[in-house]
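Colleague: Next up, structure_1.cif (mmCIF, C-alpha atoms).
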```
data_entry
#
loop_
_atom_site.label_atom_id
_atom_site.label_comp_id
_atom_site.auth_asym_id
_atom_site.auth_seq_id
_atom_site.Cartn_x
_atom_site.Cartn_y
_atom_site.Cartn_z
CA MET O 1 27.14 118.49 91.24
CA GLU O 2 28.71 120.56 94.00
CA ILE O 3 29.58 118.87 97.32
CA ILE O 4 30.55 121.17 100.19
CA GLN O 5 31.68 119.81 103.59
CA LYS O 6 31.40 121.72 106.84
CA LYS O 7 32.26 120.36 110.29
CA SER O 8 29.88 121.64 112.95
CA GLU O 9 30.59 120.41 116.50
CA ASP O 10 29.82 116.69 116.56
CA LYS O 11 28.44 116.49 113.05
CA LEU O 12 29.60 116.82 109.48
CA ILE O 13 27.25 118.83 107.27
CA ILE O 14 27.51 118.08 103.58
CA GLU O 15 25.74 120.42 101.20
CA LEU O 16 24.63 118.93 97.87
CA ASN O 17 23.91 121.31 95.02
CA GLY O 18 22.71 120.39 91.55
CA ARG O 19 22.00 116.94 90.13
CA LEU O 20 22.61 113.58 91.76
CA ASP O 21 22.39 111.31 88.72
CA ALA O 22 24.19 108.50 86.91
CA ASN O 23 27.04 110.85 86.02
CA THR O 24 27.53 112.42 89.46
CA ALA O 25 26.54 109.68 91.96
CA GLY O 26 30.12 108.35 91.83
CA ASN O 27 31.44 111.69 93.17
CA LEU O 28 29.18 111.49 96.21
CA GLU O 29 30.12 107.86 96.78
CA GLN O 30 33.82 108.78 96.70
CA THR O 31 33.14 111.51 99.27
CA LEU O 32 30.86 109.65 101.68
CA VAL O 33 32.30 106.15 101.79
CA PRO O 34 35.86 107.15 102.90
CA LEU O 35 34.43 109.55 105.52
CA ILE O 36 32.25 106.82 107.03
CA GLN O 37 35.05 104.27 106.84
CA ALA O 38 37.29 106.78 108.65
CA GLY O 39 34.77 106.76 111.51
CA GLU O 40 32.52 109.76 110.84
CA GLN O 41 29.39 108.92 112.86
CA TYR O 42 27.01 111.80 112.32
CA ILE O 43 26.50 113.13 108.81
CA VAL O 44 23.78 115.54 107.72
CA LEU O 45 23.15 115.96 104.01
CA ASN O 46 21.73 119.37 103.25
CA MET O 47 19.58 118.91 100.15
CA ASP O 48 18.26 122.48 99.88
CA GLY O 49 20.12 122.93 96.61
CA LEU O 50 19.53 119.44 95.22
CA GLU O 51 17.52 119.74 92.01
CA TYR O 52 17.34 116.14 90.89
CA ILE O 53 17.88 112.57 92.08
CA SER O 54 17.75 109.29 90.17
CA SER O 55 18.17 105.67 91.24
CA ALA O 56 21.95 106.04 90.87
CA GLY O 57 21.81 108.67 93.63
CA LEU O 58 19.44 106.60 95.77
CA ARG O 59 21.86 103.69 95.53
CA VAL O 60 24.72 105.77 97.01
CA LEU O 61 22.49 107.03 99.83
CA LEU O 62 21.30 103.53 100.77
CA MET O 63 24.82 102.16 100.65
CA SER O 64 26.06 105.02 102.87
CA LEU O 65 23.20 104.52 105.32
CA LYS O 66 24.00 100.82 105.65
CA LEU O 67 27.68 101.57 106.22
CA ILE O 68 27.13 104.28 108.84
CA ARG O 69 24.50 102.23 110.72
CA LYS O 70 27.05 99.42 111.04
CA ASN O 71 29.14 101.89 113.06
CA ASP O 72 26.03 102.95 115.03
CA GLY O 73 26.16 106.28 113.23
CA ARG O 74 23.48 108.59 111.85
CA LEU O 75 22.86 109.86 108.33
CA VAL O 76 20.26 112.65 108.32
CA LEU O 77 18.69 114.07 105.15
CA ALA O 78 17.55 117.69 105.36
CA GLY O 79 15.62 120.06 103.11
CA MET O 80 14.39 117.74 100.35
CA LYS O 81 12.32 119.40 97.63
CA SER O 82 8.86 117.92 97.02
CA PHE O 83 9.72 116.15 93.77
CA ILE O 84 12.79 114.61 95.38
CA LYS O 85 10.69 113.48 98.34
CA GLU O 86 8.34 111.84 95.82
CA VAL O 87 11.20 109.75 94.40
CA PHE O 88 12.09 108.75 97.98
CA ASP O 89 8.49 107.70 98.60
CA ILE O 90 8.34 105.64 95.38
CA ALA O 91 11.58 103.90 96.30
CA GLY O 92 10.25 103.14 99.79
CA PHE O 93 13.20 105.06 101.28
CA THR O 94 11.28 107.57 103.41
CA PRO O 95 10.69 105.20 106.37
CA ILE O 96 14.29 103.91 106.47
CA PHE O 97 16.01 107.29 106.45
CA GLU O 98 16.03 110.00 109.07
CA VAL O 99 14.43 112.85 107.11
CA ILE O 100 13.96 116.42 108.40
CA ASP O 101 12.35 119.44 106.72
CA SER O 102 15.24 121.80 107.10
CA ILE O 103 18.84 121.96 108.24
CA LYS O 104 17.59 124.45 110.87
CA ASP O 105 15.63 121.62 112.59
CA ILE O 106 18.77 119.90 113.83
CA MET R 107 22.04 109.94 70.76
CA ILE R 108 24.80 107.36 71.21
CA ASN R 109 25.38 104.80 73.98
CA ASP R 110 27.50 107.01 76.25
CA LEU R 111 26.43 108.18 79.75
CA GLN R 112 27.76 111.66 78.95
CA GLU R 113 24.90 111.94 76.46
CA LEU R 114 22.51 112.20 79.41
CA VAL R 115 23.56 115.83 79.79
CA ARG R 116 22.37 116.48 76.25
CA VAL R 117 19.10 114.64 76.96
CA ASP R 118 18.64 116.81 80.05
CA ASN R 119 19.09 120.00 77.99
CA PHE R 120 16.74 118.65 75.35
CA ILE R 121 14.02 118.00 77.95
CA ASP R 122 14.48 121.49 79.43
CA GLU R 123 13.93 122.94 75.97
CA PHE R 124 10.94 120.65 75.30
CA SER R 125 9.42 121.58 78.68
CA ARG R 126 9.76 125.31 77.98
CA GLN R 127 8.25 124.92 74.54
CA TYR R 128 5.15 123.13 75.86
CA GLY R 129 4.89 124.89 79.23
CA LEU R 130 5.43 121.75 81.32
CA SER R 131 5.56 122.14 85.11
CA ARG R 132 8.78 121.61 87.01
CA GLN R 133 7.36 118.37 88.41
CA ILE R 134 6.51 116.93 84.98
CA SER R 135 9.83 118.05 83.54
CA HIS R 136 11.63 116.41 86.46
CA ASN R 137 9.69 113.16 86.02
CA LEU R 138 10.38 113.08 82.30
CA ASN R 139 14.05 113.60 82.94
CA LEU R 140 14.09 110.91 85.63
CA ILE R 141 12.30 108.28 83.51
CA LEU R 142 14.58 108.85 80.55
CA GLU R 143 17.70 108.72 82.69
CA GLU R 144 16.63 105.41 84.25
CA VAL R 145 15.73 103.87 80.88
CA LEU R 146 18.80 105.17 79.06
CA THR R 147 21.23 104.29 81.86
CA ASN R 148 19.98 100.70 81.72
CA ILE R 149 20.37 100.52 77.96
CA ILE R 150 23.83 102.12 77.96
CA SER R 151 25.15 100.11 80.92
CA TYR R 152 23.69 96.67 80.21
CA GLY R 153 22.28 96.70 76.69
CA TYR R 154 25.31 95.96 74.57
CA ALA R 155 27.54 92.93 74.33
CA ASP R 156 30.17 94.78 72.25
CA ASN R 157 32.10 98.01 72.82
CA LYS R 158 30.90 99.62 69.63
CA GLU R 159 29.00 102.84 69.23
CA HIS R 160 25.23 102.40 68.93
CA ILE R 161 22.44 104.80 68.15
CA ILE R 162 19.51 105.15 70.56
CA VAL R 163 16.50 106.96 69.14
CA LEU R 164 14.32 109.12 71.39
CA GLU R 165 11.02 110.45 70.18
CA LEU R 166 8.85 112.85 72.17
CA ARG R 167 5.44 113.96 70.97
CA PHE R 168 3.05 116.27 72.71
CA VAL R 169 -0.59 115.56 71.86
CA LYS R 170 -3.61 116.88 73.75
CA ASP R 171 -1.79 117.49 77.05
CA VAL R 172 -0.12 114.08 76.96
CA ILE R 173 3.57 113.54 76.33
CA HIS R 174 4.19 110.35 74.34
CA VAL R 175 7.71 108.98 74.47
CA THR R 176 9.36 106.24 72.42
CA VAL R 177 12.84 104.89 73.11
CA CYS R 178 14.31 102.56 70.50
CA ASP R 179 17.65 100.73 70.76
CA ASP R 180 19.40 97.85 69.01
CA GLY R 181 20.77 96.31 72.23
CA ILE R 182 20.09 92.87 73.64
CA ALA R 183 16.40 92.08 74.19
CA PHE R 184 15.22 93.51 77.49
CA ASN R 185 11.61 93.86 78.59
CA PRO R 186 11.49 95.99 81.76
CA LEU R 187 7.86 94.98 82.33
CA THR R 188 8.96 91.46 83.27
CA ILE R 189 11.26 92.65 86.07
CA GLU R 190 10.00 91.87 89.57
CA PRO R 191 9.48 94.93 91.78
CA PRO R 192 12.01 95.37 94.59
CA ALA R 193 10.88 94.45 98.13
CA LEU R 194 10.13 97.92 99.44
CA ASN R 195 9.09 96.95 102.95
CA GLU R 196 12.20 95.10 103.98
CA LYS R 197 14.37 96.27 106.85
CA ILE R 198 17.34 98.35 105.89
CA GLU R 199 19.82 95.50 106.39
CA ASP R 200 17.88 93.42 103.89
CA ARG R 201 17.26 96.09 101.27
CA ARG R 202 19.21 95.39 98.13
CA ILE R 203 21.30 98.18 96.73
CA GLY R 204 19.98 98.78 93.22
CA GLY R 205 17.03 97.53 91.19
CA LEU R 206 15.06 100.71 91.80
CA GLY R 207 15.28 102.37 88.40
CA ILE R 208 12.71 100.21 86.65
CA HIS R 209 10.39 100.39 89.63
CA ILE R 210 10.50 104.22 89.45
CA VAL R 211 9.80 104.13 85.70
CA LYS R 212 6.82 101.78 86.15
CA THR R 213 5.41 103.95 88.92
CA ILE R 214 5.53 107.37 87.24
CA THR R 215 4.62 106.47 83.65
CA ASP R 216 1.27 105.71 82.08
CA ASP R 217 0.71 103.04 79.43
CA LEU R 218 4.20 101.58 79.58
CA SER R 219 4.60 99.03 76.79
CA TYR R 220 7.41 97.01 75.24
CA GLN R 221 7.90 95.48 71.83
CA ARG R 222 10.78 93.62 70.21
CA ILE R 223 10.73 94.27 66.48
CA ASP R 224 13.54 93.63 63.95
CA ASP R 225 16.10 93.02 66.73
CA LYS R 226 15.21 96.33 68.34
CA ASN R 227 13.78 97.16 71.77
CA ILE R 228 10.91 99.61 71.54
CA LEU R 229 9.66 101.14 74.78
CA ASN R 230 6.61 103.38 74.74
CA PHE R 231 5.09 105.35 77.57
CA ALA R 232 3.03 108.44 78.26
CA ILE R 233 2.92 111.18 80.87
CA ASN R 234 -0.12 113.34 81.40
CA LYS R 235 0.78 117.03 81.57
CA SER R 236 -1.85 117.82 84.18
CA LYS R 237 -0.95 114.88 86.43
CA GLU R 238 0.68 115.87 89.69
#
```
Before anything else, please render the file you have as structure tokens.

Modeller:
Amino acid sequence: MEIIQKKSEDKLIIELNGRLDANTAGNLEQTLVPLIQAGEQYIVLNMDGLEYISSAGLRVLLMSLKLIRKNDGRLVLAGMKSFIKEVFDIAGFTPIFEVIDSIKDI
Amino acid sequence: MINDLQELVRVDNFIDEFSRQYGLSRQISHNLNLILEEVLTNIISYGYADNKEHIIVLELRFVKDVIHVTVCDDGIAFNPLTIEPPALNEKIEDRRIGGLGIHIVKTITDDLSYQRIDDKNILNFAINKSKE
């Protein structure tokens, strides 16, 4: 999986490309957790290029959301493909996350 | 395949090939991949009390628009059907991190069944090709 960070004014945009699975979820965790612990309060994950997510990926997202909310921060998920949205729905994650159709909607 | 998470890459390639061969939609191919990852990750991560190499056997059959899958392993007995579903309506502070894999598998498979035969776990399930 490719993880690209871009700072844009008050927010940090992180582009995720490829597969977020049992083998790659650790990479995202190692990226997100230190950023949030360092005080990053507004993170947008651009999922336009995300092709796959499994429970290992969901786990990292939930953990990151909990951490950032403790700091009164925001974690926004943008551009989910339909089959990724379906996994979110099954997991009951859609109502707890801030989800937007596209990165352009920010 | 053997009990190593790196093998999931090979499984992924195998499913891509299988999906091409039988003209499966992107959605079905994705679901198949997801179910197998969840099942195999559980077996590889929690199924063995030793550090030895074990063989996990995957069998995929395509019959009359239905994909039938069997996963067989010689790990400790584990029946995913007995696992309680996670509490999906809890507030974020109360949501537990983890426990979602089996719930996903139960939701997107048909006819999920488990047997323990000759010290082996045998998991069977089906996915309908035309199901969206």

Colleague: Per residue of chain R within 10 Å of chain O, record the nearest atom pair and its distance in Å to one decimal, counting all atoms listed in the file, with rows in chain order and ascending residue number, as a tab-separated table.

Modeller:
```
residue	atom	partner	partner_atom	distance
R:Leu111	CA	O:Asn23	CA	6.8
R:Gln112	CA	O:Asn23	CA	7.2
R:Glu113	CA	O:Asn23	CA	9.9
R:Leu114	CA	O:Asn23	CA	8.1
R:Val115	CA	O:Asn23	CA	8.7
R:Arg132	CA	O:Phe83	CA	8.7
R:Gln133	CA	O:Phe83	CA	6.3
R:Ile134	CA	O:Phe83	CA	9.4
R:His136	CA	O:Tyr52	CA	7.2
R:Asn137	CA	O:Phe83	CA	8.3
R:Asn139	CA	O:Tyr52	CA	9.0
R:Leu140	CA	O:Ser54	CA	6.1
R:Ile141	CA	O:Ser54	CA	8.7
R:Glu143	CA	O:Ser54	CA	7.5
R:Glu144	CA	O:Ser55	CA	7.2
R:Thr147	CA	O:Ala22	CA	7.2
R:Pro192	CA	O:Ala91	CA	8.7
R:Ala193	CA	O:Gly92	CA	8.9
R:Leu194	CA	O:Gly92	CA	5.2
R:Asn195	CA	O:Gly92	CA	7.0
R:Glu196	CA	O:Gly92	CA	9.3
R:Lys197	CA	O:Ile96	CA	7.6
R:Ile198	CA	O:Ile96	CA	6.4
R:Glu199	CA	O:Lys66	CA	6.8
R:Asp200	CA	O:Lys66	CA	9.8
R:Arg201	CA	O:Leu62	CA	8.5
R:Arg202	CA	O:Leu62	CA	8.8
R:Ile203	CA	O:Arg59	CA	5.7
R:Gly204	CA	O:Arg59	CA	5.7
R:Gly205	CA	O:Ser55	CA	8.2
R:Leu206	CA	O:Ser55	CA	5.9
R:Gly207	CA	O:Ser55	CA	5.2
R:Ile208	CA	O:Ser55	CA	9.0
R:His209	CA	O:Ala91	CA	7.6
R:Ile210	CA	O:Ile90	CA	6.5
R:Val211	CA	O:Ile90	CA	9.9
R:Thr213	CA	O:Ile90	CA	7.3
R:Ile214	CA	O:Ile90	CA	8.8
R:Glu238	CA	O:Phe83	CA	9.9
```

Colleague: Could you give me the centre and size, in Å to one decimal, of an axis-aligned box around all listed atoms of stretch 198-204 of chain R with 3 Å added on every side, as AutoDock Vina command-line options?

Modeller:
```
--center_x 19.3 --center_y 96.1 --center_z 99.8 --size_x 10.0 --size_y 11.4 --size_z 19.2
```

Colleague: With distances taken over only C-alpha atoms, which residue among O:Asp48, O:Glu40, O:Glu9, O:Glu98 lies nearest O:Gly73?

Modeller: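 Counting only C-alpha atoms, the residue closest to O:Gly73 is O:Glu40.
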
Colleague: Would you translate the PyMOL selection byres ((chain R and resi 228) around 7) into the concrete set of residues it matches in this file, as a list in words?

Modeller: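 Expected selection for the PyMOL selection byres ((chain R and resi 228) around 7) here is Thr176, Val177, Cys178, Asp179, Tyr220, Gln221, Arg222, Lys226, Asn227, Leu229 and Asn230 of chain R.
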
Colleague: What is the atom CA of O:Met1-atom CA of O:Leu16 distance in Å, reported with one decimal?

Modeller: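 Atom CA of O:Met1 sits 7.1 Å away from atom CA of O:Leu16.
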
Colleague: Which of these, O:Ile4, O:Leu12, O:Ile43, O:Leu32, has the shortest distance to O:Leu77 once you count all atoms listed in the file?

Modeller: O:Ile43

Colleague: When you count all atoms listed in the file, which of these residues is closest to O:Leu28: O:Leu50, O:Lys7, O:Tyr42, O:Glu2?

Modeller: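 The answer is O:Glu2, which sits nearest to O:Leu28.
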
Colleague: So which residues touch R:Asn234 within 12 Å, counting only C-alpha atoms, skipping near sequence neighbours fewer than 2 positions away, as a PyMOL selection string?

Modeller: chain R and resi 130-131+133-135+137-138+167-175+214-217+231-232+236-238

Colleague: Given all atoms listed in the file as the basis, pick out the residue of R:Leu166, R:Leu218, R:Ile233, R:Ile108 nearest to R:Phe124.

Modeller: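 Of R:Leu166, R:Leu218, R:Ile233, R:Ile108, the one nearest R:Phe124, counting all atoms listed in the file, is R:Leu166.
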
Colleague: In Å to one decimal, how far is atom CA of O:Gly57 from atom CA of O:Arg19?

Modeller: 9.0 Å

Colleague: What's the separation between atom CA of R:Val163 and atom CA of O:Ala25, in Å to one decimal place?

Modeller: 25.1 Å

Colleague: Output: stretch 89-102 of chain O of the preceding structure, restricted to all heavy atoms, written as a PDB file, in the first residue's frame.

Modeller:
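Now in decode-v2.pdb:
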```
ATOM      1  N   ASP O  89     -20.388  -0.443   6.165  1.00  0.00           N
ATOM      2  CA  ASP O  89     -21.777  -0.621   6.604  1.00  0.00           C
ATOM      3  C   ASP O  89     -21.923  -1.895   7.440  1.00  0.00           C
ATOM      4  O   ASP O  89     -22.565  -1.883   8.494  1.00  0.00           O
ATOM      5  CB  ASP O  89     -22.725  -0.687   5.391  1.00  0.00           C
ATOM      6  CG  ASP O  89     -22.881   0.669   4.713  1.00  0.00           C
ATOM      7  OD1 ASP O  89     -22.553   1.686   5.343  1.00  0.00           O
ATOM      8  OD2 ASP O  89     -23.320   0.702   3.549  1.00  0.00           O
ATOM      9  N   ILE O  90     -21.330  -2.986   6.958  1.00  0.00           N
ATOM     10  CA  ILE O  90     -21.416  -4.270   7.667  1.00  0.00           C
ATOM     11  C   ILE O  90     -20.811  -4.134   9.065  1.00  0.00           C
ATOM     12  O   ILE O  90     -21.334  -4.649  10.045  1.00  0.00           O
ATOM     13  CB  ILE O  90     -20.699  -5.392   6.882  1.00  0.00           C
ATOM     14  CG1 ILE O  90     -21.439  -5.695   5.575  1.00  0.00           C
ATOM     15  CG2 ILE O  90     -20.577  -6.664   7.726  1.00  0.00           C
ATOM     16  CD1 ILE O  90     -20.661  -6.585   4.620  1.00  0.00           C
ATOM     17  N   ALA O  91     -19.706  -3.422   9.145  1.00  0.00           N
ATOM     18  CA  ALA O  91     -19.004  -3.268  10.423  1.00  0.00           C
ATOM     19  C   ALA O  91     -19.706  -2.274  11.350  1.00  0.00           C
ATOM     20  O   ALA O  91     -19.330  -2.142  12.516  1.00  0.00           O
ATOM     21  CB  ALA O  91     -17.568  -2.822  10.163  1.00  0.00           C
ATOM     22  N   GLY O  92     -20.719  -1.579  10.814  1.00  0.00           N
ATOM     23  CA  GLY O  92     -21.411  -0.567  11.620  1.00  0.00           C
ATOM     24  C   GLY O  92     -20.560   0.685  11.810  1.00  0.00           C
ATOM     25  O   GLY O  92     -20.751   1.442  12.761  1.00  0.00           O
ATOM     26  N   PHE O  93     -19.615   0.917  10.910  1.00  0.00           N
ATOM     27  CA  PHE O  93     -18.693   2.052  11.038  1.00  0.00           C
ATOM     28  C   PHE O  93     -19.228   3.333  10.408  1.00  0.00           C
ATOM     29  O   PHE O  93     -18.769   4.418  10.750  1.00  0.00           O
ATOM     30  CB  PHE O  93     -17.347   1.721  10.364  1.00  0.00           C
ATOM     31  CG  PHE O  93     -16.374   0.998  11.251  1.00  0.00           C
ATOM     32  CD1 PHE O  93     -16.813   0.223  12.311  1.00  0.00           C
ATOM     33  CD2 PHE O  93     -15.007   1.092  11.014  1.00  0.00           C
ATOM     34  CE1 PHE O  93     -15.913  -0.443  13.127  1.00  0.00           C
ATOM     35  CE2 PHE O  93     -14.096   0.432  11.832  1.00  0.00           C
ATOM     36  CZ  PHE O  93     -14.547  -0.342  12.882  1.00  0.00           C
ATOM     37  N   THR O  94     -20.160   3.203   9.459  1.00  0.00           N
ATOM     38  CA  THR O  94     -20.592   4.391   8.703  1.00  0.00           C
ATOM     39  C   THR O  94     -21.135   5.499   9.619  1.00  0.00           C
ATOM     40  O   THR O  94     -20.775   6.650   9.432  1.00  0.00           O
ATOM     41  CB  THR O  94     -21.598   3.978   7.614  1.00  0.00           C
ATOM     42  OG1 THR O  94     -21.052   2.840   6.923  1.00  0.00           O
ATOM     43  CG2 THR O  94     -21.844   5.091   6.610  1.00  0.00           C
ATOM     44  N   PRO O  95     -21.971   5.169  10.619  1.00  0.00           N
ATOM     45  CA  PRO O  95     -22.482   6.259  11.474  1.00  0.00           C
ATOM     46  C   PRO O  95     -21.435   6.873  12.417  1.00  0.00           C
ATOM     47  O   PRO O  95     -21.624   7.997  12.870  1.00  0.00           O
ATOM     48  CB  PRO O  95     -23.599   5.601  12.294  1.00  0.00           C
ATOM     49  CG  PRO O  95     -23.706   4.199  11.842  1.00  0.00           C
ATOM     50  CD  PRO O  95     -22.558   3.872  10.978  1.00  0.00           C
ATOM     51  N   ILE O  96     -20.370   6.146  12.737  1.00  0.00           N
ATOM     52  CA  ILE O  96     -19.416   6.731  13.698  1.00  0.00           C
ATOM     53  C   ILE O  96     -18.336   7.579  13.031  1.00  0.00           C
ATOM     54  O   ILE O  96     -17.737   8.428  13.660  1.00  0.00           O
ATOM     55  CB  ILE O  96     -18.751   5.694  14.643  1.00  0.00           C
ATOM     56  CG1 ILE O  96     -18.388   4.395  13.956  1.00  0.00           C
ATOM     57  CG2 ILE O  96     -19.565   5.446  15.866  1.00  0.00           C
ATOM     58  CD1 ILE O  96     -17.790   3.363  14.917  1.00  0.00           C
ATOM     59  N   PHE O  97     -18.121   7.361  11.739  1.00  0.00           N
ATOM     60  CA  PHE O  97     -17.103   8.139  11.039  1.00  0.00           C
ATOM     61  C   PHE O  97     -17.712   9.324  10.293  1.00  0.00           C
ATOM     62  O   PHE O  97     -18.893   9.306   9.933  1.00  0.00           O
ATOM     63  CB  PHE O  97     -16.356   7.257  10.029  1.00  0.00           C
ATOM     64  CG  PHE O  97     -15.283   6.420  10.645  1.00  0.00           C
ATOM     65  CD1 PHE O  97     -15.568   5.165  11.147  1.00  0.00           C
ATOM     66  CD2 PHE O  97     -13.974   6.886  10.724  1.00  0.00           C
ATOM     67  CE1 PHE O  97     -14.569   4.375  11.717  1.00  0.00           C
ATOM     68  CE2 PHE O  97     -12.976   6.115  11.288  1.00  0.00           C
ATOM     69  CZ  PHE O  97     -13.267   4.865  11.786  1.00  0.00           C
ATOM     70  N   GLU O  98     -16.880  10.310  10.045  1.00  0.00           N
ATOM     71  CA  GLU O  98     -17.281  11.418   9.189  1.00  0.00           C
ATOM     72  C   GLU O  98     -16.884  11.017   7.773  1.00  0.00           C
ATOM     73  O   GLU O  98     -15.695  10.936   7.453  1.00  0.00           O
ATOM     74  CB  GLU O  98     -16.520  12.672   9.639  1.00  0.00           C
ATOM     75  CG  GLU O  98     -17.194  13.962   9.289  1.00  0.00           C
ATOM     76  CD  GLU O  98     -16.422  15.170   9.831  1.00  0.00           C
ATOM     77  OE1 GLU O  98     -15.778  15.042  10.890  1.00  0.00           O
ATOM     78  OE2 GLU O  98     -16.462  16.210   9.174  1.00  0.00           O
ATOM     79  N   VAL O  99     -17.895  10.680   6.950  1.00  0.00           N
ATOM     80  CA  VAL O  99     -17.624  10.156   5.609  1.00  0.00           C
ATOM     81  C   VAL O  99     -18.117  11.141   4.560  1.00  0.00           C
ATOM     82  O   VAL O  99     -19.256  11.594   4.635  1.00  0.00           O
ATOM     83  CB  VAL O  99     -18.346   8.791   5.405  1.00  0.00           C
ATOM     84  CG1 VAL O  99     -18.114   8.240   3.998  1.00  0.00           C
ATOM     85  CG2 VAL O  99     -17.889   7.771   6.442  1.00  0.00           C
ATOM     86  N   ILE O 100     -17.268  11.482   3.580  1.00  0.00           N
ATOM     87  CA  ILE O 100     -17.707  12.358   2.488  1.00  0.00           C
ATOM     88  C   ILE O 100     -17.423  11.689   1.144  1.00  0.00           C
ATOM     89  O   ILE O 100     -16.546  10.834   1.045  1.00  0.00           O
ATOM     90  CB  ILE O 100     -17.044  13.761   2.549  1.00  0.00           C
ATOM     91  CG1 ILE O 100     -15.508  13.653   2.523  1.00  0.00           C
ATOM     92  CG2 ILE O 100     -17.493  14.527   3.776  1.00  0.00           C
ATOM     93  CD1 ILE O 100     -14.805  14.988   2.392  1.00  0.00           C
ATOM     94  N   ASP O 101     -18.201  12.069   0.117  1.00  0.00           N
ATOM     95  CA  ASP O 101     -18.105  11.404  -1.180  1.00  0.00           C
ATOM     96  C   ASP O 101     -16.748  11.610  -1.830  1.00  0.00           C
ATOM     97  O   ASP O 101     -16.193  10.700  -2.441  1.00  0.00           O
ATOM     98  CB  ASP O 101     -19.193  11.931  -2.134  1.00  0.00           C
ATOM     99  CG  ASP O 101     -20.554  11.374  -1.768  1.00  0.00           C
ATOM    100  OD1 ASP O 101     -20.592  10.372  -1.008  1.00  0.00           O
ATOM    101  OD2 ASP O 101     -21.571  11.933  -2.212  1.00  0.00           O
ATOM    102  N   SER O 102     -16.264  12.827  -1.749  1.00  0.00           N
ATOM    103  CA  SER O 102     -15.026  13.125  -2.468  1.00  0.00           C
ATOM    104  C   SER O 102     -14.186  14.126  -1.696  1.00  0.00           C
ATOM    105  O   SER O 102     -14.700  14.921  -0.912  1.00  0.00           O
ATOM    106  CB  SER O 102     -15.377  13.703  -3.849  1.00  0.00           C
ATOM    107  OG  SER O 102     -14.263  14.374  -4.375  1.00  0.00           O
TER     108      SER O 102
END
```
